[in-house]
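Structure file coords32.pdb with PDB, C-alpha atoms:
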MODEL        1
ATOM      1  CA  MET A  22     147.784 -23.288  30.240
ATOM      2  CA  LEU A  23     147.869 -23.442  34.022
ATOM      3  CA  HIS A  24     144.083 -23.630  34.059
ATOM      4  CA  LEU A  25     144.113 -26.577  31.641
ATOM      5  CA  ALA A  26     146.786 -28.397  33.668
ATOM      6  CA  LEU A  27     144.881 -27.930  36.932
ATOM      7  CA  PHE A  28     141.612 -28.940  35.260
ATOM      8  CA  LEU A  29     143.165 -32.141  33.895
ATOM      9  CA  PHE A  30     144.842 -32.925  37.239
ATOM     10  CA  PHE A  31     141.682 -32.622  39.335
ATOM     11  CA  GLY A  32     139.507 -34.103  36.589
ATOM     12  CA  THR A  33     141.695 -37.213  36.493
ATOM     13  CA  ILE A  34     141.464 -37.590  40.278
ATOM     14  CA  CYS A  35     137.704 -37.127  40.005
ATOM     15  CA  VAL A  36     137.194 -39.786  37.336
ATOM     16  CA  ALA A  37     139.592 -42.181  39.098
ATOM     17  CA  GLY A  38     137.590 -41.795  42.319
ATOM     18  CA  ALA A  39     134.307 -42.392  40.469
ATOM     19  CA  ILE A  40     135.658 -45.560  38.820
ATOM     20  CA  ASN A  41     137.098 -46.735  42.144
ATOM     21  CA  LEU A  42     133.621 -46.305  43.654
ATOM     22  CA  LEU A  43     132.291 -48.761  41.075
ATOM     23  CA  VAL A  44     135.137 -51.268  41.439
ATOM     24  CA  GLN A  45     135.320 -51.526  45.221
ATOM     25  CA  ARG A  46     133.277 -54.251  46.870
ATOM     26  CA  HIS A  47     133.172 -52.925  50.426
ATOM     27  CA  PRO A  48     130.818 -49.947  50.937
ATOM     28  CA  ILE A  49     133.250 -48.096  53.220
ATOM     29  CA  ASN A  50     135.858 -48.032  50.402
ATOM     30  CA  SER A  51     133.198 -46.708  48.019
ATOM     31  CA  ALA A  52     132.268 -44.010  50.548
ATOM     32  CA  LEU A  53     135.879 -42.868  50.907
ATOM     33  CA  SER A  54     136.381 -42.719  47.128
ATOM     34  CA  LEU A  55     133.198 -40.637  46.917
ATOM     35  CA  VAL A  56     134.841 -38.203  49.379
ATOM     36  CA  VAL A  57     137.809 -37.979  46.959
ATOM     37  CA  VAL A  58     135.422 -37.234  44.067
ATOM     38  CA  MET A  59     133.679 -34.499  46.047
ATOM     39  CA  ALA A  60     136.917 -32.869  47.219
ATOM     40  CA  SER A  61     138.344 -32.751  43.684
ATOM     41  CA  LEU A  62     135.009 -31.374  42.418
ATOM     42  CA  ALA A  63     135.352 -28.597  45.007
ATOM     43  CA  ALA A  64     138.739 -27.792  43.464
ATOM     44  CA  GLU A  65     137.098 -27.684  40.014
ATOM     45  CA  TYR A  66     134.499 -25.247  41.359
ATOM     46  CA  LEU A  67     137.310 -23.055  42.705
ATOM     47  CA  LEU A  68     138.917 -23.068  39.243
ATOM     48  CA  LEU A  69     135.599 -21.796  37.834
ATOM     49  CA  GLY A  70     135.540 -19.035  40.447
ATOM     50  CA  ALA A  71     132.630 -20.438  42.445
ATOM     51  CA  GLU A  72     134.165 -19.881  45.890
ATOM     52  CA  PHE A  73     130.958 -20.195  47.903
ATOM     53  CA  VAL A  74     129.824 -23.333  46.097
ATOM     54  CA  ALA A  75     133.254 -24.919  46.656
ATOM     55  CA  ALA A  76     133.112 -24.167  50.387
ATOM     56  CA  VAL A  77     129.554 -25.516  50.665
ATOM     57  CA  GLN A  78     130.577 -28.598  48.669
ATOM     58  CA  VAL A  79     133.308 -29.415  51.186
ATOM     59  CA  ILE A  80     131.202 -28.593  54.247
ATOM     60  CA  VAL A  81     127.858 -30.114  53.251
ATOM     61  CA  TYR A  82     128.767 -32.904  50.811
ATOM     62  CA  ALA A  83     132.208 -34.101  51.866
ATOM     63  CA  GLY A  84     131.452 -33.253  55.486
ATOM     64  CA  ALA A  85     127.861 -33.753  56.559
ATOM     65  CA  ILE A  86     126.412 -36.136  53.963
ATOM     66  CA  MET A  87     129.438 -38.434  53.835
ATOM     67  CA  VAL A  88     129.605 -38.580  57.649
ATOM     68  CA  LEU A  89     125.961 -39.708  57.539
ATOM     69  CA  PHE A  90     126.860 -42.414  54.997
ATOM     70  CA  VAL A  91     129.859 -43.671  56.976
ATOM     71  CA  PHE A  92     127.779 -43.601  60.158
ATOM     72  CA  VAL A  93     125.064 -45.767  58.608
ATOM     73  CA  ILE A  94     127.648 -48.193  57.144
ATOM     74  CA  MET A  95     129.191 -48.621  60.587
ATOM     75  CA  LEU A  96     125.808 -48.771  62.349
ATOM     76  CA  LEU A  97     124.543 -51.572  60.104
ATOM     77  CA  ASN A  98     127.961 -53.287  60.081
ATOM     78  CA  ALA A  99     127.784 -53.563  56.293
ATOM     79  CA  GLY A 100     130.148 -56.200  54.951
ATOM     80  CA  GLU A 101     131.390 -56.996  51.470
ATOM     81  CA  GLU A 102     128.817 -56.933  48.723
ATOM     82  CA  GLU A 103     127.510 -60.385  47.858
ATOM     83  CA  ARG A 104     127.137 -61.347  44.223
ATOM     84  CA  THR A 105     123.673 -62.436  43.172
ATOM     85  CA  GLN A 106     122.461 -63.356  39.726
ATOM     86  CA  GLY A 107     120.672 -60.339  38.277
ATOM     87  CA  SER A 108     118.163 -60.535  35.477
ATOM     88  CA  ARG A 109     119.542 -61.281  31.997
ATOM     89  CA  VAL A 110     117.393 -58.587  30.394
ATOM     90  CA  ALA A 111     119.247 -55.961  32.428
ATOM     91  CA  ILE A 112     122.580 -57.128  30.988
ATOM     92  CA  LEU A 113     121.296 -57.565  27.424
ATOM     93  CA  LEU A 114     119.567 -54.171  27.244
ATOM     94  CA  GLY A 115     121.391 -52.168  29.904
ATOM     95  CA  ILE A 116     124.990 -52.315  28.678
ATOM     96  CA  PRO A 117     124.228 -51.433  25.012
ATOM     97  CA  GLY A 118     121.855 -48.744  26.278
ATOM     98  CA  VAL A 119     124.535 -47.140  28.440
ATOM     99  CA  VAL A 120     127.093 -47.310  25.588
ATOM    100  CA  ILE A 121     124.666 -45.757  23.077
ATOM    101  CA  GLY A 122     123.701 -43.020  25.548
ATOM    102  CA  THR A 123     127.333 -42.179  26.306
ATOM    103  CA  VAL A 124     128.295 -42.026  22.624
ATOM    104  CA  LEU A 125     125.266 -39.843  21.804
ATOM    105  CA  VAL A 126     125.970 -37.376  24.611
ATOM    106  CA  ALA A 127     129.687 -37.218  23.755
ATOM    107  CA  TRP A 128     128.909 -36.685  20.050
ATOM    108  CA  VAL A 129     126.435 -33.885  20.777
ATOM    109  CA  LEU A 130     128.867 -32.223  23.195
ATOM    110  CA  LEU A 131     131.797 -32.426  20.805
ATOM    111  CA  HIS A 132     130.016 -31.371  17.601
ATOM    112  CA  ARG A 133     126.994 -29.260  18.460
ATOM    113  CA  SER A 134     127.920 -27.265  21.555
ATOM    114  CA  SER A 135     129.229 -23.732  21.284
ATOM    115  CA  THR A 136     133.009 -23.795  21.454
ATOM    116  CA  GLY A 137     133.113 -21.259  24.247
ATOM    117  CA  LEU A 138     136.145 -20.931  26.452
ATOM    118  CA  VAL A 139     135.925 -20.680  30.219
ATOM    119  CA  SER A 140     138.655 -18.602  31.804
ATOM    120  CA  ILE A 141     140.059 -19.251  35.263
ATOM    121  CA  GLY A 142     137.813 -17.636  37.852
ATOM    122  CA  GLY A 143     135.498 -16.646  34.995
ATOM    123  CA  LEU A 144     132.682 -15.566  37.280
ATOM    124  CA  ARG A 145     133.355 -14.797  40.918
ATOM    125  CA  GLY A 146     130.639 -16.357  43.035
ATOM    126  CA  ASP A 147     131.524 -14.771  46.371
ATOM    127  CA  PRO A 148     129.102 -15.166  49.297
ATOM    128  CA  LYS A 149     127.926 -11.549  49.078
ATOM    129  CA  SER A 150     126.631 -11.717  45.510
ATOM    130  CA  ILE A 151     125.201 -15.235  46.041
ATOM    131  CA  ALA A 152     123.354 -14.021  49.131
ATOM    132  CA  GLY A 153     122.018 -10.998  47.247
ATOM    133  CA  LEU A 154     120.547 -13.299  44.614
ATOM    134  CA  LEU A 155     119.363 -15.913  47.106
ATOM    135  CA  PHE A 156     117.493 -13.541  49.413
ATOM    136  CA  LYS A 157     116.018 -11.287  46.713
ATOM    137  CA  ASP A 158     115.278 -13.160  43.484
ATOM    138  CA  PHE A 159     115.117 -16.668  44.933
ATOM    139  CA  LEU A 160     113.480 -15.893  48.274
ATOM    140  CA  LEU A 161     110.395 -18.080  47.702
ATOM    141  CA  PRO A 162     112.344 -21.197  46.563
ATOM    142  CA  PHE A 163     114.676 -20.665  49.518
ATOM    143  CA  GLU A 164     111.769 -20.731  51.972
ATOM    144  CA  VAL A 165     110.277 -23.759  50.215
ATOM    145  CA  THR A 166     113.574 -25.649  50.614
ATOM    146  CA  SER A 167     113.603 -24.810  54.315
ATOM    147  CA  ILE A 168     110.150 -26.414  54.612
ATOM    148  CA  LEU A 169     111.469 -29.400  52.628
ATOM    149  CA  ILE A 170     114.369 -29.809  55.072
ATOM    150  CA  LEU A 171     111.951 -29.611  58.014
ATOM    151  CA  ILE A 172     109.755 -32.354  56.514
ATOM    152  CA  ALA A 173     112.867 -34.451  55.767
ATOM    153  CA  ILE A 174     114.007 -34.169  59.403
ATOM    154  CA  MET A 175     110.608 -35.315  60.663
ATOM    155  CA  GLY A 176     110.478 -38.137  58.116
ATOM    156  CA  ALA A 177     113.968 -39.339  59.031
ATOM    157  CA  VAL A 178     113.116 -39.364  62.749
ATOM    158  CA  VAL A 179     109.864 -41.265  62.183
ATOM    159  CA  LEU A 180     111.439 -43.801  59.792
ATOM    160  CA  ALA A 181     114.573 -44.495  61.804
ATOM    161  CA  SER A 182     112.860 -44.782  65.181
ATOM    162  CA  ARG A 183     112.242 -48.311  66.403
ATOM    163  CA  PRO A 184     109.020 -49.785  64.996
ATOM    164  CA  GLY A 185     106.441 -49.705  67.752
ATOM    165  CA  ALA A 186     108.238 -47.079  69.812
ATOM    166  CA  VAL A 187     105.191 -44.870  69.363
ATOM    167  CA  ALA A 188     102.715 -47.638  70.186
ATOM    168  CA  ARG A 189     104.549 -48.672  73.345
ATOM    169  CA  ARG A 190     104.063 -45.212  74.705
ATOM    170  CA  HIS A 191     100.310 -45.826  74.658
ATOM    171  CA  GLY A 192     100.536 -49.210  76.318
ATOM    172  CA  GLU A 193      99.741 -51.228  73.189
ATOM    173  CA  PRO A 194     101.771 -54.298  72.176
ATOM    174  CA  THR A 195     104.289 -53.539  69.425
ATOM    175  CA  ALA A 196     104.368 -55.341  66.079
ATOM    176  CA  THR A 197     107.187 -57.686  67.154
ATOM    177  CA  GLU A 198     105.520 -58.283  70.521
ATOM    178  CA  THR A 199     102.248 -59.160  68.786
ATOM    179  CA  ARG A 200     104.116 -61.595  66.539
ATOM    180  CA  GLU A 201     105.762 -63.210  69.583
ATOM    181  CA  LEU A 202     102.409 -63.439  71.385
ATOM    182  CA  VAL A 203     100.787 -65.080  68.341
ATOM    183  CA  SER A 204     103.610 -67.617  67.949
ATOM    184  CA  ALA A 205     103.494 -68.381  71.706
ATOM    185  CA  GLY A 206      99.743 -68.971  71.394
ATOM    186  CA  LYS A 207     100.284 -71.355  68.477
ATOM    187  CA  GLU A 208     102.838 -73.376  70.467
ATOM    188  CA  ARG A 209     100.429 -73.671  73.332
TER     189      ARG A 209
ATOM    190  CA  MET B   9     141.439 -21.198  29.178
ATOM    191  CA  VAL B  10     139.548 -24.462  29.050
ATOM    192  CA  PRO B  11     136.750 -25.153  26.534
ATOM    193  CA  LEU B  12     133.312 -25.481  28.054
ATOM    194  CA  THR B  13     133.043 -28.877  26.358
ATOM    195  CA  CYS B  14     135.761 -30.307  28.639
ATOM    196  CA  TYR B  15     133.748 -29.445  31.732
ATOM    197  CA  LEU B  16     130.587 -30.901  30.194
ATOM    198  CA  LEU B  17     132.443 -34.093  29.253
ATOM    199  CA  LEU B  18     133.760 -34.477  32.820
ATOM    200  CA  SER B  19     130.247 -33.925  34.143
ATOM    201  CA  GLY B  20     128.896 -36.478  31.675
ATOM    202  CA  ILE B  21     131.523 -39.048  32.682
ATOM    203  CA  LEU B  22     130.609 -38.600  36.355
ATOM    204  CA  PHE B  23     126.906 -38.945  35.541
ATOM    205  CA  VAL B  24     127.481 -42.127  33.509
ATOM    206  CA  CYS B  25     129.586 -43.582  36.350
ATOM    207  CA  GLY B  26     126.652 -42.870  38.665
ATOM    208  CA  VAL B  27     124.160 -44.541  36.315
ATOM    209  CA  LEU B  28     126.434 -47.588  35.933
ATOM    210  CA  GLY B  29     126.854 -47.886  39.693
ATOM    211  CA  PHE B  30     123.103 -47.606  40.137
ATOM    212  CA  LEU B  31     122.603 -50.473  37.678
ATOM    213  CA  ILE B  32     125.406 -52.890  38.596
ATOM    214  CA  LYS B  33     125.767 -52.437  42.354
ATOM    215  CA  ARG B  34     123.827 -54.731  44.666
ATOM    216  CA  ASN B  35     124.476 -53.014  48.001
ATOM    217  CA  ILE B  36     121.712 -50.521  48.770
ATOM    218  CA  ILE B  37     124.140 -48.035  50.393
ATOM    219  CA  THR B  38     126.438 -48.062  47.346
ATOM    220  CA  ILE B  39     123.410 -47.523  45.082
ATOM    221  CA  PHE B  40     122.607 -44.488  47.186
ATOM    222  CA  MET B  41     126.167 -43.204  46.780
ATOM    223  CA  SER B  42     125.819 -43.567  42.991
ATOM    224  CA  ILE B  43     122.806 -41.250  43.119
ATOM    225  CA  GLU B  44     124.939 -38.672  44.949
ATOM    226  CA  LEU B  45     127.572 -39.077  42.219
ATOM    227  CA  MET B  46     124.956 -38.300  39.544
ATOM    228  CA  LEU B  47     123.861 -35.170  41.445
ATOM    229  CA  ASN B  48     127.504 -34.052  41.645
ATOM    230  CA  GLY B  49     127.952 -34.486  37.904
ATOM    231  CA  VAL B  50     124.919 -32.287  37.254
ATOM    232  CA  ASN B  51     126.219 -29.670  39.724
ATOM    233  CA  LEU B  52     129.485 -29.405  37.793
ATOM    234  CA  SER B  53     127.658 -28.631  34.546
ATOM    235  CA  PHE B  54     125.544 -26.022  36.389
ATOM    236  CA  VAL B  55     128.683 -24.233  37.604
ATOM    237  CA  ALA B  56     130.390 -24.519  34.200
ATOM    238  CA  PHE B  57     127.386 -22.990  32.413
ATOM    239  CA  ALA B  58     127.171 -20.259  35.061
ATOM    240  CA  ALA B  59     130.780 -19.303  34.313
ATOM    241  CA  HIS B  60     130.174 -19.524  30.566
ATOM    242  CA  TRP B  61     127.064 -17.349  30.445
ATOM    243  CA  HIS B  62     128.151 -15.033  33.303
ATOM    244  CA  ALA B  63     124.925 -15.791  35.156
ATOM    245  CA  LEU B  64     125.202 -16.271  38.896
ATOM    246  CA  SER B  65     121.813 -18.013  39.138
ATOM    247  CA  GLY B  66     123.505 -21.250  38.076
ATOM    248  CA  GLN B  67     125.495 -21.275  41.306
ATOM    249  CA  VAL B  68     122.338 -20.574  43.321
ATOM    250  CA  PHE B  69     120.758 -23.608  41.669
ATOM    251  CA  VAL B  70     123.712 -25.738  42.806
ATOM    252  CA  PHE B  71     122.870 -24.590  46.322
ATOM    253  CA  PHE B  72     119.276 -25.821  45.910
ATOM    254  CA  VAL B  73     120.448 -29.140  44.462
ATOM    255  CA  MET B  74     122.667 -29.597  47.520
ATOM    256  CA  VAL B  75     119.740 -28.896  49.858
ATOM    257  CA  VAL B  76     117.608 -31.480  48.066
ATOM    258  CA  ALA B  77     120.509 -33.969  48.154
ATOM    259  CA  ALA B  78     120.903 -33.465  51.901
ATOM    260  CA  ALA B  79     117.174 -34.031  52.506
ATOM    261  CA  GLU B  80     117.254 -37.079  50.238
ATOM    262  CA  ALA B  81     120.277 -38.532  52.060
ATOM    263  CA  ALA B  82     118.631 -38.085  55.464
ATOM    264  CA  VAL B  83     115.339 -39.723  54.455
ATOM    265  CA  GLY B  84     116.987 -42.409  52.310
ATOM    266  CA  LEU B  85     119.399 -43.533  54.994
ATOM    267  CA  ALA B  86     116.516 -43.688  57.487
ATOM    268  CA  ILE B  87     114.668 -45.930  55.017
ATOM    269  CA  ILE B  88     117.803 -48.112  54.685
ATOM    270  CA  ILE B  89     117.914 -48.499  58.486
ATOM    271  CA  ALA B  90     114.214 -49.427  58.542
ATOM    272  CA  VAL B  91     114.699 -51.975  55.714
ATOM    273  CA  TYR B  92     117.717 -53.508  57.474
ATOM    274  CA  ARG B  93     115.689 -53.869  60.675
ATOM    275  CA  THR B  94     112.957 -55.912  59.021
ATOM    276  CA  ARG B  95     114.990 -57.852  56.381
ATOM    277  CA  GLU B  96     118.462 -57.994  57.985
ATOM    278  CA  THR B  97     120.091 -57.658  54.584
ATOM    279  CA  LEU B  98     121.447 -54.801  52.471
ATOM    280  CA  ASN B  99     121.285 -56.703  49.178
ATOM    281  CA  VAL B 100     118.592 -55.237  46.944
ATOM    282  CA  ASP B 101     117.982 -58.606  45.265
ATOM    283  CA  ARG B 102     116.850 -60.004  48.600
ATOM    284  CA  VAL B 103     114.417 -57.138  49.183
ATOM    285  CA  ASN B 104     111.862 -58.226  46.603
ATOM    286  CA  LEU B 105     108.669 -58.600  48.605
ATOM    287  CA  LEU B 106     106.428 -55.778  49.710
ATOM    288  CA  LYS B 107     105.115 -57.823  52.617
ATOM    289  CA  LEU B 108     107.161 -59.781  55.116
TER     290      LEU B 108
ENDMDL
END
What does the file become when written as structure tokens?
Amino acid sequence: MLHLALFLFFGTICVAGAINLLVQRHPINSALSLVVVMASLAAEYLLLGAEFVAAVQVIVYAGAIMVLFVFVIMLLNAGEEERTQGSRVAILLGIPGVVIGTVLVAWVLLHRSSTGLVSIGGLRGDPKSIAGLLFKDFLLPFEVTSILILIAIMGAVVLASRPGAVARRHGEPTATETRELVSAGKER
Amino acid sequence: MVPLTCYLLLSGILFVCGVLGFLIKRNIITIFMSIELMLNGVNLSFVAFAAHWHALSGQVFVFFVMVVAAAEAAVGLAIIIAVYRTRETLNVDRVNLLKL
């Protein structure tokens, strides 16, 4: 009973945050409602007994990734979303498609899935047992993800650095400088 | 005791909210946040199935999904900064040319 009440409480917060993300026009409001969704999902993970996953959810998702989002929103000084006319095909096909997909998934879940019950803290995912699995059975995927993170760091640095910052180091004109030189030549 | 179906329904609702946001939002940062919402919905069903089948590997998979999401966020936000530098807009409808 307590489990159901807590599930409904945090689930309601979660869905409300997700809908608020869609309704809000300013990206910073969407980012903050996404933090609410992630925090209530961490509570849902705790209800399922996944302690480590809940902690990582708060630290990595609600902490690191959302700080990155808010940082970029503030860096680019993103304002309110402007309304532009999208394509009509997207409205004509997209909305019925989403409705049909939702109804199908809900029908399959309600009628075909095993009616298993999940008890509170059904499976304790403490750091010790997770680490045992991660560093024995999943050692190769773990190392592959570390390479992935390394590549992502290098890609982010290269992409976010100023265009031409590499070229300037070698004494060549940058792309914007070339454009300015060409336009100056045309004026002359 | 909560039926497994409730958790799957919540995860499905979150995923559908993410898909809707991806389709109707015009701000590129908000579209990115919708993708994170979809990943979170999938993570919830991973943890629910892990508890249902008493298999801890489901929680390890959530860990991997989070790593991929972090890498994706880092690269994606760098791309957003690069796009904003050249186009000076965040509206995806205005970013419709490959060449400047």
Check: How would you write, as an MDAnalysis selection string, the residues chosen by the PyMOL selection byres ((chain A and resi 94) around 10) on this structure?
Finding: (chainID A and resid 47:49 52 88:93 95:100) or (chainID B and resid 37:38 85 89)
Residues of the last selection are to be written out with C-alpha atoms, as a PDB file, in the coordinates of the input.
ATOM      1  CA  HIS A  47     133.172 -52.925  50.426  1.00  0.00           C
ATOM      2  CA  PRO A  48     130.818 -49.947  50.937  1.00  0.00           C
ATOM      3  CA  ILE A  49     133.250 -48.096  53.220  1.00  0.00           C
ATOM      4  CA  ALA A  52     132.268 -44.010  50.548  1.00  0.00           C
ATOM      5  CA  VAL A  88     129.605 -38.580  57.649  1.00  0.00           C
ATOM      6  CA  LEU A  89     125.961 -39.708  57.539  1.00  0.00           C
ATOM      7  CA  PHE A  90     126.860 -42.414  54.997  1.00  0.00           C
ATOM      8  CA  VAL A  91     129.859 -43.671  56.976  1.00  0.00           C
ATOM      9  CA  PHE A  92     127.779 -43.601  60.158  1.00  0.00           C
ATOM     10  CA  VAL A  93     125.064 -45.767  58.608  1.00  0.00           C
ATOM     11  CA  MET A  95     129.191 -48.621  60.587  1.00  0.00           C
ATOM     12  CA  LEU A  96     125.808 -48.771  62.349  1.00  0.00           C
ATOM     13  CA  LEU A  97     124.543 -51.572  60.104  1.00  0.00           C
ATOM     14  CA  ASN A  98     127.961 -53.287  60.081  1.00  0.00           C
ATOM     15  CA  ALA A  99     127.784 -53.563  56.293  1.00  0.00           C
ATOM     16  CA  GLY A 100     130.148 -56.200  54.951  1.00  0.00           C
TER      17      GLY A 100
ATOM     18  CA  ILE B  37     124.140 -48.035  50.393  1.00  0.00           C
ATOM     19  CA  THR B  38     126.438 -48.062  47.346  1.00  0.00           C
ATOM     20  CA  LEU B  85     119.399 -43.533  54.994  1.00  0.00           C
ATOM     21  CA  ILE B  89     117.914 -48.499  58.486  1.00  0.00           C
TER      22      ILE B  89
END
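Taking only C-alpha atoms, the non-local environment of Ile36 of chain B within 10 Å (same-chain residues fewer than 4 positions away omitted) comprises Pro48 and Glu102 of chain A; Phe30, Phe40, Met41, Ser42, Leu85, Ile88, Val91, Thr97, Leu98, Asn99, Val100, Asp101 and Val103 of chain B.
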Contact table chain A vs chain B, cut-off 6 Å, shortest pair per residue, all atoms listed in the file, as a Markdown table:
| residue | atom | partner | partner_atom | distance |
| --- | --- | --- | --- | --- |
| A:Leu25 | CA | B:Val10 | CA | 5.7 |
| A:Leu43 | CA | B:Gly29 | CA | 5.7 |
| A:Pro48 | CA | B:Thr38 | CA | 6.0 |
| A:Glu102 | CA | B:Asn35 | CA | 5.9 |
| A:Gly137 | CA | B:Leu12 | CA | 5.7 |
| A:Leu138 | CA | B:Pro11 | CA | 4.3 |
| A:Val139 | CA | B:Val10 | CA | 5.4 |
| A:Ser140 | CA | B:Met9 | CA | 4.6 |
| A:Gly143 | CA | B:Ala59 | CA | 5.5 |
| A:Leu144 | CA | B:Ala59 | CA | 5.1 |
| A:Ile170 | CA | B:Ala79 | CA | 5.7 |
| A:Ala173 | CA | B:Ala79 | CA | 5.4 |
| A:Ala177 | CA | B:Val83 | CA | 4.8 |
| A:Leu180 | CA | B:Ala86 | CA | 5.6 |
| A:Ala181 | CA | B:Ala86 | CA | 4.8 |
Checklist line | Within 12 Å of Leu62 of chain A using only C-alpha atoms, minus same-chain residues under 4 positions, as an NGL selection string | finding: (:A and (27-36 or 38-39 or 55-58 or 66-69 or 71 or 74-79 or 82-83)) or (:B and (15 or 18-19 or 22 or 45 or 47-53 or 55-56))
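Distance-wise, atom CA of Ala63 of chain A and atom CA of Leu130 of chain A end up 23.0 Å apart.
Here atom CA of Ile112 of chain A and atom CA of Val129 of chain A stand 25.7 Å from one another.
In this model, the gap between atom CA of Glu72 of chain A and atom CA of Phe54 of chain B comes to 14.2 Å.
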Around all the atoms of segment 49-54 of chain B listed in the file, with 6 Å of room on each side, what axis-aligned box do you get, giving centre and edge lengths in Å to one decimal, as AutoDock Vina command-line options?
--center_x 127.2 --center_y -30.3 --center_z 37.1 --size_x 16.6 --size_y 20.5 --size_z 17.2
